[in-house]
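Colleague: Just dropping this structure here.
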Amino acid sequence: MLEVRGVVVVFGDRTVLDHVDLDVSDGEVVALQGPSGAGKSTLLRVIAGLLVPQAGTVCADGVDVTSLPPHRRGVGMVFQDEQLFPHRDVGQNVEFGLRMQHRPKPERAARVAELLELVGLPGVERRSVTSLSGGEAKRVALARSLAPAPPVLLLDEPLTGLDRELHDRLADDLARVLRATRTTALMVTHDADEAARVADRIVSLTTP
Amino acid sequence: MGRRVDRHRPALIDAPPRWLRPALLVVSVAFLALFYAWPVGTLLAQVADRSAISKVFGREALRQVVWFTCWQAVVSTAATLVVGLGPAYLLARWGFPGRRLLVAVVTVPFLLPTVVVGAAFSALLPDAWLGTASAVIIAHVFFNVAVVVRLVGTVWSQLPPDLVHAARTLGATPWQATREVTLPLLRPSITAAAMITFLFTFTSFGVVQILGGPAHATIEVEIARRATQLGDVGGAAVLSVLQLLILALLLVVAGRTRRSTEVPLRRVERLRPRTVRTRLGVTAAVVATAALMAAPLVALVTSSLRPGGQWSLTAWRTLGNDRGVRPGAALGVDPLASIATSLRFAVVATVISVVVGALASLAIAGARRRGRLLDVGVMLPLGTSAVTIGFGMLITFDHAPVDWRGAWWLVPLGHSLVAVPFVVRAVLPVLRARPEAWLDAAATLGASPLRRWWEIDVRLIRRPLVTGAGFAAAISLGEFGATTFLTRTGNETLPIAIGRLLGRAGDIPRAQASALSVVLAAVTVAVLIAVDAVGDSGRDRSGSR
């Protein structure tokens, strides 16, 4: 469960987020829509802890995480352009969060295999991430963020840059995966159709 | 795509015209053969006498020289990396007023002549430190921090910050994110910086000569000592060949290390310090970096104005009038004349370097397969220490029919050997990037083969040649290693004069050395600023296209 209360972000003399409130209940998938410049990505960064807001609080799973650093929030994030680690192969990318939790190796390997299976890419552990196609990279990025089973998952335009057909197929897969893992998710998108395909509820952010 | 097609097409339209190619080739090949290959061959021939080898390596003192050369290079490299990563991060990631100025302050030491750095540290460090290994290592760090800032900083400034953010949202602490993501991605650039720093410090001559004292000699310094002071030509030759072999090995190793940067590099916006904490941190880092990098140069200027601890202009006023300082003593150095000599030599060396470099570049770009061979040949002097070059020339051109011992032009010629690779590296990329289609276009517009070559390639290299000329002038002004061997009484260059003055007792000569170093640094920096301005105006023009 995610609760955002009165978040304010100001860049210089520009107010990007002006007292934003938002709730996402357990297992719910919410799409965050709005024109570009409305501060959608900024809000995700505040929730993830990558940006400190001027005011407001963020609660994840009932805990006030506003002053916690990103690695202690239990908030996962799928980045707009995947941000896969180029010096590690697919398996090592997906495994990363589990290694940070000091999980034993056999458990990590099993979990990686399970997630790659879930996102429809079984057995690609040893492939280099630079050899992946656009759609494959997005699936791997999703698997990587889901691996440590974060209580809250943020997705920043996770399907941008794909052609129509692939986009629709991936949107359906994304919806299925998020349901299967019962993930509480907040997804930024500018695509109404995508929002309808993936999300339970759509929230709009307007320019302040 | 266009490139690949070009490579396979029949070379109907080509530059330069075929009949001209041998002429272009001959000049650069002859230059290299006469002034590089022959001297190096002479050195090798000296060593063919086995007894010289066993004589040299049988001595404990020489084993110590090799040992000191190695360990000081390793320690200097490690220290440079540790010290350099901080400024590299600061300048790569943070935006603040005066950032460009700080980049310049950090970069300039690397471009300064070694004697200036040596003189600056002998002015800065307490007397008890002079002649110690620490003094040498500190100066090496100051010298090479720019290498780390340039090589590592460039990659660092283009690493997407979201890679680290991704690691953080996956549960990595700041330190874990650095260790697991940032450092591995920077590793190729860190390795490259370490290799270059190691090469420079391993072959360090001027800094060690001035700061190392009699107890600390690198192979370079020992070659010079044996050849010019002890008259042990055989021993010096053995060490030169050893140095050649070690450098060749290092360059092979450096070439083997793959620079696999598969990182999606792109322009990344620099962070602005917004919070009180980041503001304080950035300010402190900027002040510390600027102070550390500027301190030696400030000390240099100060010491030129404070001979013996008293503020006075004596050192500057007596530059042209030595006798006024110590009546009756033959000092053998005329500071003012050395300025004139240096400028004269710089002009000659620049002209030679530009002519040879331009012809070599045009020949390399024109000849396809054989061009690569010449390319390697032109770069060889870069992989040879300046001391080896100077020593080789000294023992080659000292007997009939090529007794050029008294010839003044041997000095600027040695300088141009060191400088030609830089000219070629400035010019060749421009020629290689020139689309083949331009020649086709010129041909269809009615230009003859000679005309095409002249109008396109020759005109194209004018601007990079100016850059190359600037490098050549700066190199010639500061060259110390080769000059040590080739210099003749009455023809001392600035670095030689500074070296002599530093070796002399007394407050005035020391202050004069500082004053001359200030002059040399100022002239060098002025030349480099001029080059930078030319480069910038070129970038603007291509940017607005």
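Going by the structure tokens order, chains are called A, B, ..., each with residues numbered from 1, while ligands are numbered from 1 in the order shown.
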Residues of chain A no more than 6 Å from chain B, counting only C-alpha atoms: send them over as a short mmCIF file (atom, residue, chain, number, x, y, z; two decimals) with C-alpha atoms, in the first residue's frame.
Modeller:
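What landed in out09.cif:
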data_model
loop_
_atom_site.label_atom_id
_atom_site.label_comp_id
_atom_site.auth_asym_id
_atom_site.auth_seq_id
_atom_site.Cartn_x
_atom_site.Cartn_y
_atom_site.Cartn_z
CA PRO A 70 16.10 4.62 -1.73
CA HIS A 71 17.71 1.29 -0.84
CA GLY A 76 11.15 -0.91 -6.82
CA GLN A 83 18.87 1.17 -17.30
CA PRO A 86 25.71 -3.10 -19.43
CA GLY A 97 18.40 -6.97 -5.99
CA MET A 100 21.79 -6.85 -2.22
#
Colleague: So which residues touch Gly371 of chain B within 12 Å, counting only C-alpha atoms, skipping near sequence neighbours fewer than 4 positions away, as an MDAnalysis selection string?
Modeller: chainID B and resid 21:22 24:25 28:29 359:367 375:378 428 432
Colleague: Can I get the selected residues back with C-alpha atoms, as a PDB file, in the first residue's frame?
Modeller:
ATOM      1  CA  ARG B  21      52.184   9.460 -53.589  1.00  0.00           C
ATOM      2  CA  PRO B  22      55.816   8.308 -53.764  1.00  0.00           C
ATOM      3  CA  LEU B  24      54.823  12.314 -50.185  1.00  0.00           C
ATOM      4  CA  LEU B  25      56.048   9.009 -48.854  1.00  0.00           C
ATOM      5  CA  SER B  28      58.458  11.237 -44.227  1.00  0.00           C
ATOM      6  CA  VAL B  29      60.128   7.848 -44.644  1.00  0.00           C
ATOM      7  CA  LEU B 359      53.261  15.082 -45.674  1.00  0.00           C
ATOM      8  CA  ALA B 360      53.152  11.937 -43.552  1.00  0.00           C
ATOM      9  CA  SER B 361      49.438  12.369 -42.834  1.00  0.00           C
ATOM     10  CA  LEU B 362      48.609  12.934 -46.494  1.00  0.00           C
ATOM     11  CA  ALA B 363      50.719   9.904 -47.444  1.00  0.00           C
ATOM     12  CA  ILE B 364      49.147   7.692 -44.770  1.00  0.00           C
ATOM     13  CA  ALA B 365      45.621   8.735 -45.726  1.00  0.00           C
ATOM     14  CA  GLY B 366      46.370   8.192 -49.411  1.00  0.00           C
ATOM     15  CA  ALA B 367      48.190   4.866 -49.299  1.00  0.00           C
ATOM     16  CA  ASP B 375      51.360   5.281 -39.389  1.00  0.00           C
ATOM     17  CA  VAL B 376      53.048   2.916 -36.942  1.00  0.00           C
ATOM     18  CA  GLY B 377      56.477   4.205 -38.000  1.00  0.00           C
ATOM     19  CA  VAL B 378      55.486   7.802 -37.355  1.00  0.00           C
ATOM     20  CA  LEU B 428      45.031  12.289 -39.701  1.00  0.00           C
ATOM     21  CA  ARG B 432      40.122   9.896 -42.398  1.00  0.00           C
TER      22      ARG B 432
END
Colleague: Would you please extract all strand (DSSP E or B) residues from segment 124-165 of chain A, as assigned by DSSP on the backbone, and give them as a PyMOL selection string?
Modeller: chain A and resi 128+152-156
Colleague: If you keep C-alpha atoms, can you produce a file of those selected residues as a PDB file, in the first residue's frame?
Modeller:
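File produced: again_8.pdb:
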ATOM      1  CA  SER A 128      24.510 -10.013 -22.808  1.00  0.00           C
ATOM      2  CA  VAL A 152       5.536  -1.199  -4.149  1.00  0.00           C
ATOM      3  CA  LEU A 153       6.629  -1.100  -7.798  1.00  0.00           C
ATOM      4  CA  LEU A 154       6.924   2.086  -9.843  1.00  0.00           C
ATOM      5  CA  LEU A 155       6.980   1.955 -13.627  1.00  0.00           C
ATOM      6  CA  ASP A 156       8.101   5.016 -15.627  1.00  0.00           C
TER       7      ASP A 156
END
Colleague: What lies within 7 Å of segment 11-28 of chain A using only C-alpha atoms, ignoring chain neighbours under 5 positions off, as a PyMOL selection string?
Modeller: chain A and resi 1-6+38-39+182-185+200+208
Colleague: Any chance you can output those residues with N, CA and C atoms as a compact mmCIF listing (two decimals), in the first residue's frame?
Modeller:
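The resulting file, part17.txt, is shown below:
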# COMPACT_ATOMS: atom_id res chain seq x y z
N MET A 1 0.83 -1.20 0.00
CA MET A 1 0.00 0.00 0.00
C MET A 1 0.87 1.25 0.00
N LEU A 2 0.41 2.22 -0.79
CA LEU A 2 1.21 3.43 -0.95
C LEU A 2 0.35 4.65 -0.66
N GLU A 3 0.88 5.56 0.18
CA GLU A 3 0.15 6.79 0.48
C GLU A 3 1.08 7.99 0.28
N VAL A 4 0.64 8.89 -0.59
CA VAL A 4 1.41 10.11 -0.82
C VAL A 4 0.57 11.27 -0.32
N ARG A 5 1.18 12.12 0.53
CA ARG A 5 0.40 13.23 1.12
C ARG A 5 1.13 14.56 0.95
N GLY A 6 0.48 15.49 0.27
CA GLY A 6 0.94 16.88 0.21
C GLY A 6 2.36 17.08 -0.30
N ALA A 38 3.91 17.60 -16.44
CA ALA A 38 3.01 17.65 -15.30
C ALA A 38 3.67 17.11 -14.04
N GLY A 39 4.85 16.52 -14.19
CA GLY A 39 5.58 16.06 -13.01
C GLY A 39 5.35 14.60 -12.68
N ARG A 182 0.78 -10.18 -7.69
CA ARG A 182 -0.01 -9.37 -6.75
C ARG A 182 0.78 -8.13 -6.32
N THR A 183 1.35 -7.44 -7.32
CA THR A 183 2.20 -6.29 -7.03
C THR A 183 1.36 -5.02 -6.92
N THR A 184 1.67 -4.22 -5.91
CA THR A 184 1.10 -2.89 -5.81
C THR A 184 1.91 -2.00 -6.74
N ALA A 185 1.27 -1.43 -7.76
CA ALA A 185 2.07 -0.75 -8.78
C ALA A 185 1.49 0.60 -9.15
N ASP A 200 -5.95 -0.93 -12.97
CA ASP A 200 -7.28 -1.04 -12.39
C ASP A 200 -7.95 0.33 -12.34
N PRO A 208 0.44 22.18 -12.48
CA PRO A 208 0.03 23.11 -11.43
C PRO A 208 0.01 24.54 -11.95
Colleague: Write out as a list in words each polymer residue whose atoms come within 10 Å of Val106 of chain B, counting only C-alpha atoms; drop sequence neighbours fewer than 4 positions from it.
Modeller: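 Using only C-alpha atoms, the neighbours found are Gly84, Pro87, Ala88, Leu91, Arg100, Leu101, Leu102, Phe110, Phe142, Phe143, Asn144, Val145, Ala146, Val147, Val149, Arg150, Thr289, Ala290, Leu292, Met293 and Ala294 of chain B.
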Colleague: Selected residues, C-alpha atoms, written as a PDB file, in the first residue's frame, please.
Modeller:
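File written: out.pdb
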ATOM      1  CA  GLY B  84      42.558  12.215  -9.376  1.00  0.00           C
ATOM      2  CA  PRO B  87      38.386  16.045  -9.024  1.00  0.00           C
ATOM      3  CA  ALA B  88      37.272  13.747 -11.865  1.00  0.00           C
ATOM      4  CA  LEU B  91      34.142  18.096 -12.600  1.00  0.00           C
ATOM      5  CA  ARG B 100      35.560  25.613 -16.859  1.00  0.00           C
ATOM      6  CA  LEU B 101      38.259  27.595 -15.107  1.00  0.00           C
ATOM      7  CA  LEU B 102      38.813  24.744 -12.669  1.00  0.00           C
ATOM      8  CA  PHE B 110      50.052  18.212 -17.563  1.00  0.00           C
ATOM      9  CA  PHE B 142      50.442  16.924  -9.700  1.00  0.00           C
ATOM     10  CA  PHE B 143      51.573  16.335 -13.271  1.00  0.00           C
ATOM     11  CA  ASN B 144      49.253  13.442 -14.094  1.00  0.00           C
ATOM     12  CA  VAL B 145      46.032  14.236 -12.244  1.00  0.00           C
ATOM     13  CA  ALA B 146      44.889  15.766 -15.538  1.00  0.00           C
ATOM     14  CA  VAL B 147      45.126  12.350 -17.218  1.00  0.00           C
ATOM     15  CA  VAL B 149      40.362  13.879 -14.858  1.00  0.00           C
ATOM     16  CA  ARG B 150      40.318  13.827 -18.652  1.00  0.00           C
ATOM     17  CA  THR B 289      41.320  21.213  -5.748  1.00  0.00           C
ATOM     18  CA  ALA B 290      42.128  24.732  -6.919  1.00  0.00           C
ATOM     19  CA  LEU B 292      46.369  22.106  -4.414  1.00  0.00           C
ATOM     20  CA  MET B 293      46.778  22.557  -8.160  1.00  0.00           C
ATOM     21  CA  ALA B 294      47.722  26.233  -7.951  1.00  0.00           C
TER      22      ALA B 294
END
Colleague: Report, in Å with one decimal, the straight-line distance from atom CA of Ser134 of chain B to atom CA of Pro296 of chain B.
Modeller: 15.1 Å
Colleague: Would you kindly return, as a PyMOL selection string, each protein, DNA or RNA residue with an atom no farther than 7 Å from any atom of segment 131-139 of chain A, considering only C-alpha atoms and excluding same-chain residues fewer than 4 positions away?
Modeller: chain A and resi 82+119+143+158+162
Colleague: What gap, in Å, lies between atom CA of Glu220 of chain B and atom CA of Leu239 of chain B?
Modeller: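 We find that atom CA of Glu220 of chain B and atom CA of Leu239 of chain B lie 8.2 Å from each other.
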Colleague: Applying 9 Å and only C-alpha atoms, which residues near His190 of chain A remain after dropping the ones on its own chain fewer than 2 positions away? List them as a list in words.
Modeller: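 So, after excluding close chain neighbours, the residues are Leu32, Gln33, Gly34, Pro35, Ser36, Glu157, Val188, Ala192, Glu194 and Ala195 of chain A.
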Colleague: Need the shell around Arg459 of chain B: protein/DNA/RNA residues with any atom at most 12 Å away, counting only C-alpha atoms. Skip same-chain ones fewer than 5 positions apart. Format as a PDB file with C-alpha atoms, in the first residue's frame?
Modeller:
ATOM      1  CA  ALA B 358      51.473  17.086 -42.982  1.00  0.00           C
ATOM      2  CA  LEU B 362      48.609  12.934 -46.494  1.00  0.00           C
ATOM      3  CA  VAL B 427      45.698  15.914 -38.812  1.00  0.00           C
ATOM      4  CA  VAL B 430      40.353  14.892 -40.133  1.00  0.00           C
ATOM      5  CA  LEU B 431      41.557  13.269 -43.355  1.00  0.00           C
ATOM      6  CA  ARG B 434      36.548  13.090 -45.015  1.00  0.00           C
ATOM      7  CA  ARG B 451      43.192  19.807 -58.146  1.00  0.00           C
ATOM      8  CA  ARG B 452      40.771  17.574 -56.218  1.00  0.00           C
ATOM      9  CA  TRP B 453      43.458  16.621 -53.755  1.00  0.00           C
ATOM     10  CA  TRP B 454      44.595  20.202 -53.364  1.00  0.00           C
ATOM     11  CA  PRO B 464      44.309  20.796 -37.662  1.00  0.00           C
ATOM     12  CA  LEU B 465      47.808  21.735 -38.802  1.00  0.00           C
TER      13      LEU B 465
END
Colleague: For a test of reading the model, state the distance in Å between atom CA of Ala346 of chain B and atom CA of Ala473 of chain B, rounded to one decimal.
Modeller: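 Taking atom CA of Ala346 of chain B as the start and atom CA of Ala473 of chain B as the end point, the length is 5.2 Å.
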Colleague: Between B:Ile137, B:Leu394, B:Val115, B:Ala79, which is the closest to Tyr36 of chain B once you count only C-alpha atoms?
Modeller: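 The answer is B:Leu394, which sits nearest to Tyr36 of chain B.
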Colleague: Return as an MDAnalysis selection string the full set of residues in segment 154-224 of chain B whose backbone-based DSSP assignment is alpha helix (DSSP H).
Modeller: chainID B and resid 154:158 161:169 174:177 183:202 206:211 219:224
Colleague: Put those residues in a file: N, CA and C atoms, as a compact mmCIF listing (two decimals), in the first residue's frame.
Modeller:
# COMPACT_ATOMS: atom_id res chain seq x y z
N THR B 154 35.62 12.07 -18.51
CA THR B 154 34.81 12.07 -19.72
C THR B 154 33.78 10.96 -19.68
N VAL B 155 34.21 9.76 -19.30
CA VAL B 155 33.26 8.65 -19.22
C VAL B 155 32.27 8.88 -18.09
N TRP B 156 32.78 9.35 -16.96
CA TRP B 156 31.93 9.56 -15.79
C TRP B 156 30.82 10.57 -16.09
N SER B 157 31.18 11.62 -16.83
CA SER B 157 30.19 12.66 -17.10
C SER B 157 29.10 12.17 -18.03
N GLN B 158 29.35 11.03 -18.68
CA GLN B 158 28.35 10.53 -19.63
C GLN B 158 27.63 9.28 -19.15
N PRO B 161 22.96 8.74 -14.84
CA PRO B 161 22.81 8.64 -13.38
C PRO B 161 21.75 7.62 -13.00
N ASP B 162 20.81 7.36 -13.93
CA ASP B 162 19.75 6.41 -13.60
C ASP B 162 20.27 4.99 -13.43
N LEU B 163 21.47 4.69 -13.95
CA LEU B 163 22.03 3.36 -13.70
C LEU B 163 22.27 3.17 -12.21
N VAL B 164 22.82 4.22 -11.58
CA VAL B 164 23.03 4.16 -10.14
C VAL B 164 21.69 4.18 -9.42
N HIS B 165 20.77 5.00 -9.92
CA HIS B 165 19.43 5.04 -9.31
C HIS B 165 18.78 3.68 -9.35
N ALA B 166 18.93 2.98 -10.49
CA ALA B 166 18.35 1.64 -10.62
C ALA B 166 18.91 0.73 -9.54
N ALA B 167 20.23 0.80 -9.35
CA ALA B 167 20.85 -0.04 -8.32
C ALA B 167 20.30 0.33 -6.94
N ARG B 168 20.11 1.64 -6.69
CA ARG B 168 19.61 2.06 -5.38
C ARG B 168 18.20 1.53 -5.14
N THR B 169 17.32 1.59 -6.16
CA THR B 169 15.96 1.09 -5.96
C THR B 169 15.94 -0.43 -5.83
N PRO B 174 24.69 3.44 -1.13
CA PRO B 174 25.51 4.28 -2.02
C PRO B 174 26.86 3.61 -2.34
N TRP B 175 27.50 3.05 -1.32
CA TRP B 175 28.80 2.42 -1.55
C TRP B 175 28.66 1.19 -2.45
N GLN B 176 27.60 0.37 -2.21
CA GLN B 176 27.39 -0.81 -3.06
C GLN B 176 27.15 -0.40 -4.51
N ALA B 177 26.35 0.66 -4.70
CA ALA B 177 26.07 1.12 -6.06
C ALA B 177 27.36 1.56 -6.74
N LEU B 183 32.05 1.87 -10.56
CA LEU B 183 33.46 1.51 -10.77
C LEU B 183 33.66 0.52 -11.91
N PRO B 184 32.84 -0.55 -12.01
CA PRO B 184 33.03 -1.46 -13.16
C PRO B 184 32.87 -0.74 -14.50
N LEU B 185 31.94 0.21 -14.56
CA LEU B 185 31.73 0.91 -15.83
C LEU B 185 32.86 1.89 -16.11
N LEU B 186 33.49 2.40 -15.04
CA LEU B 186 34.61 3.32 -15.24
C LEU B 186 35.92 2.57 -15.48
N ARG B 187 35.92 1.26 -15.18
CA ARG B 187 37.18 0.53 -15.15
C ARG B 187 38.03 0.68 -16.41
N PRO B 188 37.43 0.54 -17.62
CA PRO B 188 38.29 0.70 -18.80
C PRO B 188 39.00 2.05 -18.84
N SER B 189 38.29 3.10 -18.44
CA SER B 189 38.93 4.42 -18.48
C SER B 189 39.95 4.56 -17.36
N ILE B 190 39.68 3.93 -16.22
CA ILE B 190 40.66 3.98 -15.12
C ILE B 190 41.93 3.23 -15.54
N THR B 191 41.74 2.07 -16.18
CA THR B 191 42.89 1.31 -16.65
C THR B 191 43.70 2.13 -17.65
N ALA B 192 43.01 2.78 -18.57
CA ALA B 192 43.71 3.58 -19.57
C ALA B 192 44.50 4.70 -18.90
N ALA B 193 43.87 5.36 -17.94
CA ALA B 193 44.55 6.46 -17.24
C ALA B 193 45.77 5.92 -16.49
N ALA B 194 45.62 4.75 -15.88
CA ALA B 194 46.73 4.17 -15.12
C ALA B 194 47.89 3.83 -16.06
N MET B 195 47.57 3.27 -17.23
CA MET B 195 48.61 2.92 -18.20
C MET B 195 49.40 4.15 -18.62
N ILE B 196 48.67 5.21 -18.97
CA ILE B 196 49.34 6.41 -19.47
C ILE B 196 50.18 7.03 -18.36
N THR B 197 49.61 7.10 -17.15
CA THR B 197 50.37 7.66 -16.03
C THR B 197 51.61 6.83 -15.77
N PHE B 198 51.47 5.51 -15.82
CA PHE B 198 52.62 4.64 -15.59
C PHE B 198 53.70 4.91 -16.64
N LEU B 199 53.28 5.00 -17.90
CA LEU B 199 54.25 5.27 -18.97
C LEU B 199 55.00 6.57 -18.72
N PHE B 200 54.25 7.62 -18.36
CA PHE B 200 54.89 8.92 -18.15
C PHE B 200 55.83 8.89 -16.95
N THR B 201 55.39 8.25 -15.87
CA THR B 201 56.22 8.29 -14.67
C THR B 201 57.40 7.33 -14.80
N PHE B 202 57.20 6.25 -15.54
CA PHE B 202 58.30 5.30 -15.74
C PHE B 202 59.43 5.96 -16.53
N GLY B 206 62.89 14.91 -16.43
CA GLY B 206 63.12 16.23 -15.87
C GLY B 206 62.79 16.32 -14.39
N VAL B 207 61.61 15.80 -14.02
CA VAL B 207 61.16 15.89 -12.63
C VAL B 207 62.13 15.14 -11.72
N VAL B 208 62.55 13.94 -12.14
CA VAL B 208 63.45 13.14 -11.30
C VAL B 208 64.82 13.79 -11.23
N GLN B 209 65.27 14.29 -12.37
CA GLN B 209 66.58 14.95 -12.43
C GLN B 209 66.64 16.09 -11.42
N ILE B 210 65.55 16.87 -11.37
CA ILE B 210 65.56 18.07 -10.53
C ILE B 210 65.23 17.75 -9.08
N LEU B 211 64.25 16.87 -8.86
CA LEU B 211 63.77 16.66 -7.49
C LEU B 211 64.35 15.42 -6.81
N ILE B 219 65.81 5.09 -14.89
CA ILE B 219 66.64 4.63 -16.00
C ILE B 219 67.02 5.81 -16.88
N GLU B 220 66.03 6.68 -17.14
CA GLU B 220 66.28 7.86 -17.98
C GLU B 220 67.41 8.72 -17.44
N VAL B 221 67.32 9.03 -16.15
CA VAL B 221 68.32 9.90 -15.53
C VAL B 221 69.69 9.23 -15.56
N GLU B 222 69.69 7.91 -15.33
CA GLU B 222 70.95 7.18 -15.31
C GLU B 222 71.60 7.15 -16.70
N ILE B 223 70.76 7.03 -17.74
CA ILE B 223 71.30 7.07 -19.11
C ILE B 223 72.03 8.39 -19.31
N ALA B 224 71.35 9.48 -18.94
CA ALA B 224 71.94 10.80 -19.13
C ALA B 224 73.22 10.95 -18.32
